[in-house]
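The structure appears right after this line, and notes come after that.
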Amino acid sequence: MADFTTPPADLLAGLLDHCRKEGADAADARIGVTEGVSVSVRDGALESIEREEGRSVALRCLYGKRQAHVSGADLSPEGLKALAERCVAMAKAVPEDKYCGLPDASILATGDLDMDLTGEPEIPAETLEAEALAAEAAALGISGIKTVAGCGASWNRSTRWVAASNGFSAFKTGTSTSLGLAAVAERDGQMERDYDSWSVRFTKDRPTAAEIGITAGERTISRLGSRKLKTQKAAVLYDRRVSAGLLGAFLSAISGPSVARGVSFLKDRMGEQVFADGIHIIDDPFRPMGMGSRSHDGEGLPVRETHLIDNGRLTTWLLNGPSARQLGLEPNGFSALGFGDPPGVTTSNLYLKAGDKTPGELVKAVGKGLLVTDMFGPSINPNTGDYSVGVSGFWFEDGEIAYPVSEVTIAGDLPSMFARLIPASDLEFRGTRDAPSIMIEDMSLAGS
């Protein structure tokens, strides 16, 4: 971690004090430090190595119902004083925002809020290079693989301190390491590409480098000879590589700012059955070493495990302070990181609870349909939930994979898709948003 002549917590306290002296009614700020190393390889040799080290400061000042935010990299006393002067001057000049403001001190999270998510200690560049080379060699060892388009490995640490004039302060640090590659194959003039990629706290929690390379290679080979489908209606199984995209569409629909603006197809569905019985969508901020774990939300409010969907029923909106004020509700711990910026909304470690049947059992039950393994640019009407997305994957018949397909468009509407969604049993916790494979019957497929 980078050394500071003055502790970051003291720098933030001084910065907030400067803001008050300049006339700000309230302020919040954060200091961040990033460091890391990344390597890329090509054709069995090191292609590049990069090292990153950076410091930053972000500041938000409030003057009545006006707010402004600025950022910079100068953490010297002179630089922080100038930052405060500039931010307060901007806040005095901008239009009013009647919903802005800091939380009252009485509702802030309390207790030990500092969080250490340090996994792997710093990984030497030589080790990262060896891992990337092993992954590339394994992919190239798959018969039919022509080249590896990109292969890289990295290690990163992110550290941040936050503080606000309402008395809140906290510290968080964490590390992650990543390895991934994309393989390319060609047959009869047709080229296909696929990949495998992992980002984890600890190397032990992912497959070996060789296994990652083999997976990327085998996925690529399996796509050769892809066909187009005729326009029809059929069952669709979203592979767990892509199924979390449907969770993203759901989160957008229950975002407090979207609901407050009236641009959500779920805005009138609070407390209603949105998914089938037995469906649970859960946010768990306390998962040990989770990629999205946190001890407080982006405004310093308490967080808790929350069933956003409880047995199919919608239970809550994702609220930050501004959207809660606009809706006349209480904020509920889903603010994205503010402290120097106006807060957005986010979840922490979100997941769709696994079902009882394996993907294979779901496929056999419907007989034929489309297994989706890649999606391109989904289009969603936020007011109606009308949905379309370009995909590629595999057509299955009689419960077995028949052939690869590409250039297919799936269309439907999210309210009815949610209502008949069936999760498989293959849930993995890999990121901040996880879902098992998802089966949805009677989808419209547009092909040739």
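Lettering and numbering for the structure tokens are positional, with chains as A, B, ... in the shown order, residues counted from 1 in each chain, and ligands counted from 1 in the shown order.
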Spatial neighbours of Asn349 of chain A, 10 Å, only C-alpha atoms, chain gap at least 3 places, as a VMD selection string: chain A and resid 282 to 287 290 to 294 305 346 429 to 434
Create the file for the chosen residues now, containing C-alpha atoms and written as a PDB file, in the first residue's frame.
ATOM      1  CA  ILE A 282     -30.993 -12.251  -2.576  1.00  0.00           C
ATOM      2  CA  ASP A 283     -28.394  -9.579  -1.855  1.00  0.00           C
ATOM      3  CA  ASP A 284     -25.740 -10.592   0.678  1.00  0.00           C
ATOM      4  CA  PRO A 285     -23.270  -7.829   1.605  1.00  0.00           C
ATOM      5  CA  PHE A 286     -21.587  -9.986   4.253  1.00  0.00           C
ATOM      6  CA  ARG A 287     -20.346 -12.903   2.137  1.00  0.00           C
ATOM      7  CA  GLY A 290     -17.132 -11.680  -1.604  1.00  0.00           C
ATOM      8  CA  MET A 291     -16.272  -9.584  -4.634  1.00  0.00           C
ATOM      9  CA  GLY A 292     -18.982  -7.080  -3.658  1.00  0.00           C
ATOM     10  CA  SER A 293     -18.957  -7.373   0.137  1.00  0.00           C
ATOM     11  CA  ARG A 294     -19.309  -4.178   2.146  1.00  0.00           C
ATOM     12  CA  GLU A 305     -29.023  -9.452   3.710  1.00  0.00           C
ATOM     13  CA  THR A 346     -26.277  -0.754  -6.427  1.00  0.00           C
ATOM     14  CA  PHE A 429     -20.519 -17.585  -6.710  1.00  0.00           C
ATOM     15  CA  ARG A 430     -18.029 -15.865  -9.002  1.00  0.00           C
ATOM     16  CA  GLY A 431     -18.723 -12.156  -8.924  1.00  0.00           C
ATOM     17  CA  THR A 432     -21.036  -9.433  -7.669  1.00  0.00           C
ATOM     18  CA  ARG A 433     -24.030 -10.750  -9.645  1.00  0.00           C
ATOM     19  CA  ASP A 434     -24.531 -14.493 -10.014  1.00  0.00           C
TER      20      ASP A 434
END
What's around segment 44-49 of chain A at 8 Å? Count only C-alpha atoms, leave out sequence neighbours fewer than 4 positions away in its own chain, and write the answer as a PDB file with N, CA and C atoms, in the first residue's frame.
ATOM      1  N   VAL A  37      -0.357  -4.936 -11.133  1.00  0.00           N
ATOM      2  CA  VAL A  37       0.548  -5.329 -12.200  1.00  0.00           C
ATOM      3  C   VAL A  37      -0.223  -6.252 -13.137  1.00  0.00           C
ATOM      4  N   SER A  38      -0.013  -6.093 -14.434  1.00  0.00           N
ATOM      5  CA  SER A  38      -0.678  -6.936 -15.425  1.00  0.00           C
ATOM      6  C   SER A  38       0.306  -7.301 -16.516  1.00  0.00           C
ATOM      7  N   VAL A  39       0.140  -8.499 -17.057  1.00  0.00           N
ATOM      8  CA  VAL A  39       1.001  -8.965 -18.144  1.00  0.00           C
ATOM      9  C   VAL A  39       0.117  -9.533 -19.249  1.00  0.00           C
ATOM     10  N   SER A  40       0.611  -9.470 -20.461  1.00  0.00           N
ATOM     11  CA  SER A  40      -0.035 -10.144 -21.580  1.00  0.00           C
ATOM     12  C   SER A  40       1.025 -10.919 -22.340  1.00  0.00           C
ATOM     13  N   ALA A 125       5.311 -10.326 -11.221  1.00  0.00           N
ATOM     14  CA  ALA A 125       5.043 -10.327 -12.659  1.00  0.00           C
ATOM     15  C   ALA A 125       5.492 -11.633 -13.299  1.00  0.00           C
ATOM     16  N   GLU A 129       3.193 -14.007 -15.584  1.00  0.00           N
ATOM     17  CA  GLU A 129       3.619 -14.384 -16.938  1.00  0.00           C
ATOM     18  C   GLU A 129       3.561 -15.897 -17.122  1.00  0.00           C
ATOM     19  N   LEU A 133       1.235 -17.829 -19.834  1.00  0.00           N
ATOM     20  CA  LEU A 133       1.847 -18.700 -20.838  1.00  0.00           C
ATOM     21  C   LEU A 133       1.269 -20.113 -20.762  1.00  0.00           C
ATOM     22  N   GLU A 136      -2.206 -20.025 -22.339  1.00  0.00           N
ATOM     23  CA  GLU A 136      -2.123 -19.926 -23.795  1.00  0.00           C
ATOM     24  C   GLU A 136      -1.697 -21.254 -24.408  1.00  0.00           C
ATOM     25  N   ALA A 137      -0.675 -21.887 -23.823  1.00  0.00           N
ATOM     26  CA  ALA A 137      -0.191 -23.164 -24.359  1.00  0.00           C
ATOM     27  C   ALA A 137      -1.280 -24.227 -24.315  1.00  0.00           C
TER      28      ALA A 137
END
Best match for closeness to Ile380 of chain A among A:Gly245, A:Gly174, A:Pro7, A:Gly344, counting only C-alpha atoms: A:Gly245
Give one line per residue of segment 350-448 of chain A that approaches segment 218-222 of chain A to at most 10 Å, naming the two atoms of the closest pair and their distance in Å to one decimal, counting only C-alpha atoms; sort by chain then ascending residue number and deliver it as JSON lines.
{"residue": "A:Thr373", "atom": "CA", "partner": "A:Arg219", "partner_atom": "CA", "distance": 9.7}
{"residue": "A:Gly393", "atom": "CA", "partner": "A:Ser222", "partner_atom": "CA", "distance": 9.6}
{"residue": "A:Phe394", "atom": "CA", "partner": "A:Ser222", "partner_atom": "CA", "distance": 9.2}
{"residue": "A:Tyr403", "atom": "CA", "partner": "A:Ser222", "partner_atom": "CA", "distance": 8.6}
{"residue": "A:Pro404", "atom": "CA", "partner": "A:Ser222", "partner_atom": "CA", "distance": 7.2}
Could you take the residues named above and write them with C-alpha atoms, as a PDB file, in the first residue's frame?
ATOM      1  CA  THR A 373     -23.853 -18.995 -24.430  1.00  0.00           C
ATOM      2  CA  GLY A 393     -25.157 -20.758 -28.772  1.00  0.00           C
ATOM      3  CA  PHE A 394     -26.415 -24.255 -29.534  1.00  0.00           C
ATOM      4  CA  TYR A 403     -25.377 -28.044 -33.569  1.00  0.00           C
ATOM      5  CA  PRO A 404     -24.038 -24.528 -32.923  1.00  0.00           C
TER       6      PRO A 404
END
Of the listed residues A:Met115, A:Arg420, A:Ser258, A:Lys230, that which approaches Asp277 of chain A most closely, counting only C-alpha atoms: A:Arg420
Selected residue, from A:Ala244, A:Val405, A:Cys151, A:Leu83, that lies nearest to Gly447 of chain A when counting only C-alpha atoms: A:Val405
Contacts of Asp205 of chain A at 12 Å (only C-alpha atoms; same-chain gap of 4+ positions) as a PDB file with C-alpha atoms, in the first residue's frame:
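File written: around.pdb
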ATOM      1  CA  GLY A 119      -6.829 -12.143  -0.723  1.00  0.00           C
ATOM      2  CA  GLU A 120      -3.660 -13.004  -2.585  1.00  0.00           C
ATOM      3  CA  SER A 176      -8.073  -9.537  -6.730  1.00  0.00           C
ATOM      4  CA  THR A 177      -6.255 -11.549  -9.360  1.00  0.00           C
ATOM      5  CA  SER A 178      -7.462 -12.294 -12.879  1.00  0.00           C
ATOM      6  CA  TRP A 198     -11.743 -15.637 -13.964  1.00  0.00           C
ATOM      7  CA  SER A 199     -11.332 -12.907 -11.342  1.00  0.00           C
ATOM      8  CA  VAL A 200     -10.959 -14.064  -7.725  1.00  0.00           C
ATOM      9  CA  ARG A 201      -9.554 -13.008  -4.378  1.00  0.00           C
ATOM     10  CA  ALA A 209      -4.194 -21.864 -15.810  1.00  0.00           C
ATOM     11  CA  MET A 289     -14.319 -12.327   0.862  1.00  0.00           C
ATOM     12  CA  GLY A 290     -17.132 -11.680  -1.604  1.00  0.00           C
ATOM     13  CA  GLU A 428     -21.631 -20.558  -8.803  1.00  0.00           C
ATOM     14  CA  PHE A 429     -20.519 -17.585  -6.710  1.00  0.00           C
ATOM     15  CA  ARG A 430     -18.029 -15.865  -9.002  1.00  0.00           C
ATOM     16  CA  GLY A 431     -18.723 -12.156  -8.924  1.00  0.00           C
TER      17      GLY A 431
END
Skip Gln232 of chain A itself and residues of its chain fewer than 5 positions away, then list as a short mmCIF file (atom, residue, chain, number, x, y, z; two decimals) with N, CA and C atoms, in the first residue's frame all residues within 12 Å of it, counting only C-alpha atoms.
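Contents of the output file result_8.cif:
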data_model
loop_
_atom_site.label_atom_id
_atom_site.label_comp_id
_atom_site.auth_asym_id
_atom_site.auth_seq_id
_atom_site.Cartn_x
_atom_site.Cartn_y
_atom_site.Cartn_z
N LYS A 368 -36.61 -29.66 -27.13
CA LYS A 368 -35.80 -28.91 -28.08
C LYS A 368 -35.85 -27.42 -27.74
N GLY A 369 -34.81 -26.72 -28.21
CA GLY A 369 -34.74 -25.30 -27.92
C GLY A 369 -33.34 -24.78 -28.15
N LEU A 370 -33.08 -23.60 -27.59
CA LEU A 370 -31.82 -22.90 -27.81
C LEU A 370 -31.07 -22.73 -26.50
N VAL A 408 -28.81 -15.06 -34.08
CA VAL A 408 -30.20 -15.27 -33.66
C VAL A 408 -30.60 -14.10 -32.77
N THR A 409 -31.84 -13.65 -32.92
CA THR A 409 -32.39 -12.62 -32.04
C THR A 409 -33.51 -13.21 -31.21
N ILE A 410 -33.42 -13.02 -29.90
CA ILE A 410 -34.48 -13.45 -28.98
C ILE A 410 -35.32 -12.24 -28.63
N ALA A 411 -36.63 -12.40 -28.62
CA ALA A 411 -37.52 -11.30 -28.26
C ALA A 411 -38.59 -11.78 -27.30
N ASP A 442 -41.21 -20.84 -24.55
CA ASP A 442 -42.08 -20.04 -25.42
C ASP A 442 -41.51 -18.67 -25.73
N MET A 443 -40.23 -18.63 -26.09
CA MET A 443 -39.60 -17.38 -26.50
C MET A 443 -39.61 -17.26 -28.03
N SER A 444 -39.67 -16.03 -28.52
CA SER A 444 -39.65 -15.78 -29.96
C SER A 444 -38.21 -15.70 -30.45
N LEU A 445 -37.87 -16.55 -31.43
CA LEU A 445 -36.53 -16.57 -32.00
C LEU A 445 -36.61 -16.08 -33.45
N ALA A 446 -35.80 -15.11 -33.79
CA ALA A 446 -35.76 -14.61 -35.17
C ALA A 446 -34.41 -14.98 -35.77
N GLY A 447 -34.45 -15.73 -36.85
CA GLY A 447 -33.23 -16.14 -37.54
C GLY A 447 -33.29 -15.78 -39.00
N SER A 448 -32.95 -16.73 -39.86
CA SER A 448 -32.95 -16.47 -41.29
C SER A 448 -34.35 -16.52 -41.87
#
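The nearest approach to Gly412 of chain A among the residues A:Arg51, A:Lys233, A:His280, A:Lys92, with only C-alpha atoms taken into account, belongs to A:Lys233.
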All helix (DSSP H, G or I) positions in segment 90-281 of chain A, as an MDAnalysis selection string: chainID A and resid 90:93 105:107 125:140 203:205 209:222 244:253 256:261
Distance criterion (only C-alpha atoms): nearest to Ala26 of chain A out of A:Ile123, A:Ala435, A:Leu11, A:Ala164: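 Among the listed residues, A:Ala164 lies closest to Ala26 of chain A.
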Neighbour list for Asp104 of chain A as a list in words, cut-off 12 Å, only C-alpha atoms, skip fewer than 6 positions in-chain: Ala26, Ala164, Ser165, Asn166, Gly167, Phe168, Glu299, Gly300, Leu301, Gly321, Glu330 and Pro331 of chain A
Residues within 12 Å of Leu327 of chain A, only C-alpha atoms, excluding chain neighbours under 2 positions, as a list of chain:residue names: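 Listing them by chain and then by number gives A:Tyr99, A:Ser255, A:Gly256, A:Pro257, A:Ser258, A:Val259, A:Ala260, A:Arg261, A:Gly262, A:Lys267, A:Trp317, A:Leu318, A:Leu319, A:Asn320, A:Gly321, A:Pro322, A:Ser323, A:Ala324, A:Arg325, A:Leu329, A:Glu330, A:Pro331.
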